[in-house]
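**Q** Sending over coords-v5.txt (compact mmCIF, C-alpha atoms and all ligand atoms).
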```txt
# COMPACT_ATOMS: atom_id res chain seq x y z
CA MET G 1 215.98 75.20 61.11
CA GLN G 2 212.72 75.39 59.28
CA GLY G 3 212.55 74.80 55.56
CA ARG G 4 212.34 77.67 53.19
CA ILE G 5 208.98 79.23 52.93
CA ALA G 6 207.48 81.65 50.57
CA LEU G 7 204.75 84.18 50.91
CA MET G 8 203.18 86.22 48.22
CA THR G 9 200.50 88.69 48.90
CA THR G 10 198.28 88.81 45.91
CA LEU G 11 196.99 92.29 45.96
CA ALA G 12 194.85 91.79 42.90
CA ALA G 13 193.07 88.91 44.55
CA GLY G 14 192.63 90.97 47.67
CA LEU G 15 190.93 93.73 45.75
CA LEU G 16 188.71 91.21 44.06
CA LEU G 17 187.76 89.82 47.42
CA ALA G 18 187.16 93.26 48.81
CA CYS G 19 184.61 93.80 46.07
CA ARG G 20 183.02 90.48 46.72
CA ALA G 21 182.82 91.04 50.45
CA GLY G 22 181.44 94.47 49.81
CA SER G 23 178.45 93.00 48.07
CA LEU G 24 177.34 91.19 51.18
CA ALA G 25 174.70 92.73 53.36
CA LEU G 26 176.27 93.22 56.74
CA GLN G 27 174.45 94.17 59.86
CA GLY G 28 175.15 97.56 61.31
CA ALA G 29 178.55 98.22 59.85
CA GLU G 30 180.36 98.81 56.68
CA PRO G 31 181.33 95.78 54.66
CA THR G 32 184.39 93.89 55.62
CA ALA G 33 187.25 93.81 53.21
CA LEU G 34 189.69 90.98 53.18
CA VAL G 35 193.18 90.80 51.92
CA LEU G 36 194.31 87.29 52.02
CA GLU G 37 197.86 86.22 52.34
CA ALA G 38 199.31 83.65 50.04
CA PHE G 39 201.79 81.87 52.21
CA VAL G 40 202.90 79.52 49.50
CA PRO G 41 205.53 76.94 50.33
CA SER G 42 208.40 76.61 47.92
CA ALA G 43 208.64 73.39 45.94
CA GLU G 44 211.43 72.02 48.09
CA GLU G 45 209.55 72.61 51.30
CA ALA G 46 209.51 69.48 53.39
CA PRO G 47 206.39 69.51 55.51
CA ALA G 48 207.37 69.46 59.13
CA GLU G 49 205.93 66.86 61.39
CA THR G 50 203.44 68.05 63.90
CA ALA G 51 205.20 68.35 67.20
CA ALA G 52 203.68 66.61 70.17
CA PRO G 53 205.36 68.30 73.09
CA GLY G 54 203.22 66.55 75.60
CA ALA G 55 199.85 67.18 77.05
CA VAL G 56 199.25 70.38 78.86
CA ALA G 57 196.68 70.96 81.50
CA ALA G 58 193.67 72.09 79.52
CA PRO G 59 190.90 74.28 80.83
CA ALA G 60 188.23 72.67 82.91
CA THR G 61 186.27 70.26 80.79
CA GLN G 62 182.94 71.14 79.32
CA ALA G 63 182.84 68.17 77.06
CA ALA G 64 179.15 67.68 77.60
CA THR G 65 178.38 71.14 76.27
CA PRO G 66 177.52 71.26 72.57
CA ALA G 67 180.12 72.87 70.37
CA VAL G 68 179.15 75.19 67.56
CA GLY G 69 176.57 73.41 65.50
CA LEU G 70 177.41 69.86 66.37
CA PRO G 71 178.03 67.75 69.43
CA ALA G 72 181.60 67.88 70.57
CA GLU G 73 182.32 64.24 71.24
CA ARG G 74 185.98 63.56 70.72
CA ASP G 75 188.09 60.48 71.01
CA THR G 76 190.14 61.69 73.93
CA ASP G 77 190.20 61.50 77.69
CA LEU G 78 191.91 64.87 77.97
CA PRO G 79 189.76 67.77 79.10
CA TYR G 80 188.84 70.37 76.52
CA SER G 81 186.45 73.27 76.30
CA THR G 82 183.84 74.32 73.78
CA TYR G 83 183.33 77.67 75.49
CA ASP G 84 185.42 80.57 76.68
CA GLN G 85 186.51 79.76 80.23
CA PRO G 86 186.44 82.35 83.02
CA ASP G 87 189.22 84.84 82.29
CA ASP G 88 192.27 85.10 84.51
CA VAL G 89 192.74 88.77 83.65
CA ASP G 90 190.67 91.69 82.46
CA GLY G 91 191.57 93.74 79.47
CA TYR G 92 191.86 93.24 75.76
CA GLN G 93 193.18 89.82 74.87
CA VAL G 94 193.68 87.27 72.12
CA HIS G 95 191.65 84.09 72.29
CA PHE G 96 192.66 80.94 70.44
CA VAL G 97 190.25 78.54 68.76
CA TYR G 98 190.73 75.12 67.22
CA ALA G 99 188.03 74.55 64.58
CA LEU G 100 187.12 71.51 62.53
CA PRO G 101 184.60 70.98 59.75
CA SER G 102 181.87 68.43 60.45
CA ASP G 103 183.88 65.69 58.73
CA GLY G 104 187.34 66.89 59.71
CA GLU G 105 189.98 64.70 61.25
CA ASP G 106 190.72 65.77 64.80
CA ALA G 107 194.41 66.41 65.45
CA PHE G 108 193.76 67.53 69.04
CA LEU G 109 195.94 70.61 68.62
CA ASP G 110 194.10 72.39 71.43
CA ILE G 111 194.88 69.72 73.97
CA ASN G 112 198.19 68.23 72.86
CA GLY G 113 200.12 71.44 73.57
CA GLN G 114 200.68 72.45 69.94
CA ILE G 115 198.55 75.60 69.79
CA GLU G 116 199.87 76.68 73.16
CA MET G 117 203.47 76.29 71.98
CA SER G 118 202.61 78.14 68.80
CA ALA G 119 201.08 81.00 70.78
CA ASN G 120 204.06 81.16 73.12
CA ALA G 121 206.48 81.22 70.20
CA MET G 122 204.61 84.14 68.64
CA ASN G 123 204.93 86.13 71.82
CA TYR G 124 208.58 85.16 72.22
CA TRP G 125 209.33 86.73 68.85
CA LEU G 126 207.21 89.81 69.52
CA ASN G 127 208.81 90.27 72.91
CA SER G 128 212.27 90.04 71.39
CA LYS G 129 211.35 92.98 69.15
CA THR G 130 209.29 95.11 71.51
CA GLY G 131 209.76 94.04 75.12
CA GLN G 132 206.01 93.46 75.16
CA ARG G 133 203.66 90.61 74.51
CA LEU G 134 200.15 90.18 73.26
CA ARG G 135 197.81 89.58 76.16
CA TYR G 136 196.44 86.10 75.79
CA ASP G 137 193.23 84.74 77.19
CA THR G 138 194.14 82.29 79.92
CA ALA G 139 192.11 80.30 82.40
CA ASP G 140 193.68 78.90 85.53
CA GLY G 141 197.05 79.88 84.18
CA GLN G 142 196.69 77.92 80.93
CA LEU G 143 196.02 79.26 77.47
CA ASP G 144 192.24 79.14 77.05
CA ILE G 145 191.59 77.41 73.75
CA THR G 146 188.06 76.81 72.51
CA PHE G 147 187.23 73.77 70.41
CA ILE G 148 184.47 74.13 67.85
CA ARG G 149 183.14 71.75 65.24
CA LEU G 150 181.38 73.57 62.43
CA PRO G 151 178.11 72.29 60.98
CA TYR G 152 179.52 72.14 57.47
CA THR G 153 181.75 69.69 55.66
CA ALA G 154 185.26 70.60 54.58
CA ASP G 155 184.05 70.62 50.97
CA GLU G 156 181.28 73.07 51.71
CA ILE G 157 183.62 75.39 53.56
CA SER G 158 186.27 75.08 50.89
CA GLN G 159 183.78 76.35 48.32
CA GLU G 160 183.45 79.55 50.35
CA TYR G 161 186.99 79.83 51.67
CA ARG G 162 187.29 83.49 50.77
CA SER G 163 184.56 84.13 53.35
CA ILE G 164 185.86 81.77 56.00
CA ASN G 165 186.62 84.67 58.36
CA SER G 166 183.00 85.76 58.12
CA LEU G 167 181.80 82.20 58.59
CA LEU G 168 183.80 81.71 61.77
CA GLU G 169 183.07 85.12 63.23
CA HIS G 170 179.38 84.63 62.50
CA TRP G 171 179.33 81.40 64.49
CA LEU G 172 181.41 82.76 67.33
CA LYS G 173 179.04 85.70 67.64
CA ILE G 174 175.64 84.10 67.23
CA THR G 175 176.52 81.38 69.74
CA GLY G 176 177.60 83.94 72.31
CA ARG G 177 181.26 83.02 72.19
CA ALA G 178 182.62 86.36 71.00
CA LYS G 179 183.54 89.01 73.55
CA ASP G 180 183.94 92.72 72.97
CA ASN G 181 187.47 92.74 74.36
CA LYS G 182 188.88 89.89 72.32
CA LEU G 183 190.44 89.03 69.03
CA TYR G 184 190.11 85.46 67.79
CA VAL G 185 192.78 83.38 66.17
CA VAL G 186 191.25 80.30 64.61
CA TYR G 187 193.36 77.32 63.66
CA TYR G 188 191.08 75.77 61.04
CA ASP G 189 191.95 72.15 60.39
CA GLY G 190 189.84 71.33 57.34
CA PHE G 191 191.06 70.77 53.79
CA VAL G 192 190.71 73.96 51.76
CA VAL G 193 191.50 74.36 48.08
CA THR G 194 192.66 77.93 47.49
CA SER G 195 193.64 78.83 43.97
CA GLU G 196 195.77 81.65 45.40
CA GLY G 197 197.57 79.41 47.88
CA TYR G 198 196.34 81.24 50.96
CA CYS G 199 197.35 79.91 54.36
CA GLY G 200 196.24 82.80 56.54
CA LEU G 201 193.34 85.22 56.21
CA ALA G 202 192.36 88.40 58.01
CA PRO G 203 190.36 91.59 57.51
CA VAL G 204 192.78 94.35 56.65
CA PRO G 205 192.89 98.10 57.05
CA PRO G 206 191.71 100.60 56.16
CA LYS G 207 188.29 99.18 55.26
CA GLY G 208 188.37 95.77 56.85
CA ILE G 209 186.75 95.14 60.18
CA GLY G 210 186.61 91.91 62.10
CA GLN G 211 187.75 90.10 65.21
CA THR G 212 188.73 86.86 63.55
CA ALA G 213 191.90 85.75 61.83
CA VAL G 214 192.08 82.28 60.35
CA LEU G 215 195.00 79.97 59.79
CA LEU G 216 194.34 77.38 57.10
CA LEU G 217 196.22 74.39 58.44
CA ARG G 218 195.26 72.28 55.43
CA GLY G 219 195.24 74.87 52.69
CA TYR G 220 196.13 73.52 49.27
CA ASN G 221 197.20 75.35 46.15
CA PRO G 222 196.12 73.29 43.11
CA THR G 223 197.92 75.56 40.67
CA ARG G 224 201.27 74.69 42.16
CA ASP G 225 200.24 71.41 43.74
CA LEU G 226 201.46 72.66 47.08
CA PRO G 227 199.91 72.43 50.52
CA CYS G 228 200.41 75.00 53.23
CA PRO G 229 203.31 73.47 55.11
CA ARG G 230 201.97 71.93 58.28
CA SER G 231 204.89 73.56 59.95
CA PHE G 232 204.35 74.50 63.56
CA THR G 233 207.19 75.54 65.71
CA ARG G 234 208.69 72.80 67.80
CA SER G 235 210.10 75.17 70.35
CA ALA G 236 208.52 78.03 72.28
CA ASP G 237 211.55 80.20 71.47
CA TYR G 238 211.43 79.77 67.71
CA THR G 239 208.77 81.31 65.50
CA GLY G 240 207.89 79.04 62.61
CA PHE G 241 205.86 79.33 59.44
CA PHE G 242 202.39 79.23 60.98
CA GLU G 243 203.41 81.57 63.77
CA VAL G 244 204.74 84.11 61.29
CA THR G 245 201.52 83.79 59.33
CA ILE G 246 199.22 84.35 62.25
CA LEU G 247 201.26 87.22 63.66
CA HIS G 248 201.01 88.93 60.29
CA GLU G 249 197.24 88.42 60.30
CA LEU G 250 196.87 89.57 63.90
CA LEU G 251 198.68 92.78 63.11
CA HIS G 252 196.21 93.44 60.30
CA MET G 253 193.36 93.24 62.82
CA LEU G 254 195.24 95.76 64.97
CA GLY G 255 195.10 98.28 62.12
CA VAL G 256 198.48 97.54 60.57
CA VAL G 257 199.54 98.83 58.09
CA GLY G 258 197.78 102.20 58.10
CA GLU G 259 197.55 104.18 54.89
CA CYS G 260 199.51 106.90 56.66
CA GLY G 261 202.68 104.81 56.60
CA PRO G 262 205.23 106.32 54.19
CA ASN G 263 205.95 102.89 52.72
CA TYR G 264 202.32 101.79 52.60
CA ASN G 265 201.43 99.31 49.91
CA GLY G 266 197.88 97.96 50.06
CA SER G 267 197.66 97.23 53.81
CA HIS G 268 201.32 96.19 53.77
CA VAL G 269 204.73 97.82 53.43
CA ASN G 270 207.13 97.82 50.54
CA ASP G 271 210.37 99.08 52.05
CA HIS G 272 212.06 95.86 53.09
CA PRO G 273 211.49 92.27 51.92
CA GLN G 274 212.26 90.94 55.39
CA ASP G 275 209.55 92.97 57.06
CA LEU G 276 206.81 90.98 58.77
CA MET G 277 204.24 93.06 56.87
CA TYR G 278 206.02 93.10 53.49
CA HIS G 279 203.63 92.90 50.57
CA GLN G 280 205.58 90.07 49.01
CA TYR G 281 207.62 87.61 50.97
CA ASP G 282 209.79 85.43 48.79
CA GLY G 283 210.79 82.97 51.46
CA THR G 284 214.54 83.35 51.10
CA PHE G 285 215.12 84.27 54.70
CA SER G 286 214.37 82.83 58.09
CA PRO G 287 211.81 84.28 60.48
CA LEU G 288 214.81 84.72 62.75
CA PHE G 289 215.92 87.61 60.55
CA MET G 290 212.60 89.32 60.15
CA TYR G 291 211.92 92.95 60.95
CA LEU G 292 209.01 94.43 62.84
CA ASP G 293 208.62 97.64 60.87
CA PHE G 294 211.96 98.21 59.23
CA GLY G 295 213.01 101.79 60.00
CA ASN G 296 210.16 102.20 62.55
CA ASP G 297 208.30 104.53 60.27
CA ASP G 298 205.17 102.67 59.17
CA TYR G 299 203.45 100.71 61.92
CA TYR G 300 205.59 100.18 65.02
CA ASN G 301 207.01 102.85 67.29
CA HIS G 302 206.92 105.58 64.67
CA GLY G 303 205.73 108.18 67.19
CA ARG G 304 202.97 109.78 65.13
CA ALA G 305 199.76 110.11 67.07
CA ASP G 306 197.55 110.24 63.98
CA CYS G 307 198.73 106.94 62.50
CA PRO G 308 198.01 103.40 63.79
CA ASP G 309 200.94 102.15 65.82
CA LEU G 310 201.32 98.69 67.26
CA ALA G 311 203.29 100.27 70.11
CA ARG G 312 200.04 101.80 71.41
CA SER G 313 197.90 98.69 71.08
CA ILE G 314 195.60 97.97 73.96
CA PHE G 315 196.21 94.26 73.32
CA LEU G 316 199.81 94.53 74.55
CA GLU G 317 201.19 93.89 77.98
CA PRO G 318 202.61 95.71 79.76
CA LEU G 319 199.89 98.11 78.71
CA PRO G 320 201.40 101.00 76.71
CA GLU G 321 200.89 104.58 77.71
CA GLY G 322 197.94 105.98 75.76
CA ALA G 323 196.81 102.48 74.83
CA GLU G 324 194.12 102.39 72.21
CA PRO G 325 191.91 99.73 70.61
CA PRO G 326 192.24 98.93 66.90
CA PRO G 327 190.73 101.49 64.51
CA ARG G 328 186.96 101.18 64.15
CA TRP G 329 186.71 98.76 67.04
CA GLU G 330 183.12 99.79 67.82
CA ASP G 331 182.10 98.90 64.28
CA THR G 332 183.94 95.62 64.58
CA ILE G 333 182.25 94.42 67.73
CA ARG G 334 178.80 95.52 66.51
CA ASN G 335 179.12 93.79 63.18
CA ILE G 336 177.82 90.25 62.81
CA PRO G 337 179.07 89.07 59.44
CA PRO G 338 176.79 86.78 57.47
CA ASP G 339 177.25 83.05 57.28
CA PRO G 340 178.19 82.48 53.63
CA LEU G 341 176.77 78.95 53.85
CA GLY G 342 173.34 79.94 55.02
CA GLY G 343 173.31 79.74 58.76
CA ILE G 344 172.18 76.31 59.86
CA GLN G 345 171.28 76.50 63.54
ZN ZN G 401 198.81 90.76 54.92
```
Represent the supplied structure as structure tokens.

**A**
Amino acid sequence: MQGRIALMTTLAAGLLLACRAGSLALQGAEPTALVLEAFVPSAEEAPAETAAPGAVAAPATQAATPAVGLPAERDTDLPYSTYDQPDDVDGYQVHFVYALPSDGEDAFLDINGQIEMSANAMNYWLNSKTGQRLRYDTADGQLDITFIRLPYTADEISQEYRSINSLLEHWLKITGRAKDNKLYVVYYDGFVVTSEGYCGLAPVPPKGIGQTAVLLLRGYNPTRDLPCPRSFTRSADYTGFFEVTILHELLHMLGVVGECGPNYNGSHVNDHPQDLMYHQYDGTFSPLFMYLDFGNDDYYNHGRADCPDLARSIFLEPLPEGAEPPPRWEDTIRNIPPDPLGGIQ
């Protein structure tokens, strides 16, 4: 059993950030708006050890290819990839990325099986609720995970953490790594000081656009002296803290929660505290007892054609009838967000 976790969505901070993001000059699209989740561990949270379930067969090596910004030399004999490998399947899919700052300690999460287990656990939970899964980007039958090392130090990135989604999407796009049919989940493994205690960040509806959600594996809340719990699942059939976080963020990128939901509350819902998209999660329950749209009236399987519904997402498999991309997808794929740190190339 995982330790107790707590999540608070700080709406006020989200609005502040929306204003800040709105001041940036974006190319060819409306400004992104971010609402950032404060997945704050409770004081008694015991950080879980990082599981090491054994090496998995990684995609074909491209170790000689430069990663984003910096050479990708790593102290490992295991194969890894700094680029998207040839896709096993067509269609809309979720691509996983393991990203480090220039001075970040490499925990090899892309090649030690941890991110793959995390991804599998997310889909196990989703499948238990829906009978469907998110389509993942695989290569030769294995989860295709890209390794990137950013050209900035952890300190530099921490200074601009509210724009870390823009930073990562900028680099994925200008280096040709972003595809029009993919969402990106970035496990960022650099130390980040977030006064709000954020552990996961995503653009949120209705104004937010973006293809990139970020998990802050080393987020730290100085106000409460609490780190994001480095709490990955240790089993592909249990969804842990980070998996809950990233699922929540992924759903935001799929247009959830739409303003048309009867229990809408600032991109979230307010009708049940155990809902995956609840606007405040107090951590008193296990992910095992979490709802995917309590009452099926806000964002999943509500049956209203004019309101975003996860059940119609084109990212699901089997593909739903009438499958549709996230709202404003054309804007999203056209938009290259700015690099908040200046764009070293
Ligand atoms: Zn949220």

**Q** Work out how far atom CA of G:Ser81 is from atom CA of G:Gln159, in Å to one decimal.

**A** 28.3 Å

**Q** Work out how far atom CA of G:Leu100 is from atom CA of G:Gln85, in Å to one decimal.

**A** 19.5 Å

**Q** Using only C-alpha atoms and all ligand atoms, which of the listed residues (G:Asn335, G:Gly255, G:Gly261, G:Gly295) sits closest to ligand ZN 401 (chain G)?

**A**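 Counting only C-alpha atoms and all ligand atoms, the residue closest to ligand ZN 401 (chain G) is G:Gly255.
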
**Q** From the options G:Leu109, G:Leu276, G:Val94, G:Ala99, which residue's atoms come nearest to G:Trp171, counting only C-alpha atoms?

**A**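 Result for the nearest residue to G:Trp171: G:Ala99.
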
**Q** Please determine, counting only C-alpha atoms and all ligand atoms, which residue among G:Lys129, G:His170, G:His279, G:His272 has the shortest atom-to-atom distance to ligand ZN 401 (chain G).

**A**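 Among the listed residues, the smallest separation from ligand ZN 401 (chain G) belongs to G:His279.
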
**Q** Using all atoms listed in the file, can you tell me which of G:Phe315, G:Tyr264, G:Tyr238, G:Tyr300 comes closest to ligand ZN 401 (chain G)?

**A**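 Distance minimum relative to ligand ZN 401 (chain G) lands on G:Tyr264.
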
**Q** Please determine, counting all atoms listed in the file, which residue among G:Leu250, G:Val214, G:Ala236, G:Ile333 has the shortest atom-to-atom distance to G:Tyr198.

**A**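 So, comparing all the options, the nearest one is G:Val214.
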
**Q** Please determine, counting all atoms listed in the file, which residue among G:Arg224, G:Arg218, G:Arg162, G:Arg334 has the shortest atom-to-atom distance to G:Pro203.

**A**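 Closest residue, counting all atoms listed in the file: G:Arg162.
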
**Q** Between atom CA of G:Arg234 and atom CA of G:Tyr291, what is the distance in Å, rounded to a tenth?

**A** 21.5 Å

**Q** Using all atoms listed in the file - which residues lie no farther than 12 Å from the point (181.4, 92.3, 75.8) in the file's frame? Write them as a compact mmCIF listing (two decimals) with C-alpha atoms, keeping the file's coordinate frame.

**A**
```txt
# COMPACT_ATOMS: atom_id res chain seq x y z
CA ASP G 90 190.67 91.69 82.46
CA GLY G 91 191.57 93.74 79.47
CA TYR G 92 191.86 93.24 75.76
CA LYS G 173 179.04 85.70 67.64
CA GLY G 176 177.60 83.94 72.31
CA ARG G 177 181.26 83.02 72.19
CA ALA G 178 182.62 86.36 71.00
CA LYS G 179 183.54 89.01 73.55
CA ASP G 180 183.94 92.72 72.97
CA ASN G 181 187.47 92.74 74.36
CA LYS G 182 188.88 89.89 72.32
CA LEU G 183 190.44 89.03 69.03
CA GLU G 330 183.12 99.79 67.82
CA THR G 332 183.94 95.62 64.58
CA ILE G 333 182.25 94.42 67.73
CA ARG G 334 178.80 95.52 66.51
```

**Q** Within 12 Å of (181.5, 71.6, 50.0), in the coordinates the file gives, what residues turn up when you count all atoms listed in the file, written out as an MDAnalysis selection string?

**A** chainID G and resid 101:103 151:161 190:193 340:341

**Q** Tell me, as a ChimeraX atom specification, which residues lie within 7 Å of G:Ser118, counting all atoms listed in the file; anything in the same chain fewer than 3 positions away does not count.

**A** /G:114-115,121-122,232-233,236,243

**Q** Could you give me, as a PyMOL selection string, the residues within 12 Å of G:Asp237, counting only C-alpha atoms and dropping anything in the same chain fewer than 5 positions from it?

**A** chain G and resi 117-128+243+287-288

**Q** Please determine an axis-aligned box that encloses all atoms of stretch 106-110 of chain G listed in the file, with 4 Å added on each side, and express its centre and edge lengths in Å to one decimal as lines of an AutoDock Vina configuration file.

**A**
```
center_x = 193.3
center_y = 69.1
center_z = 68.1
size_x = 13.2
size_y = 14.6
size_z = 14.6
```
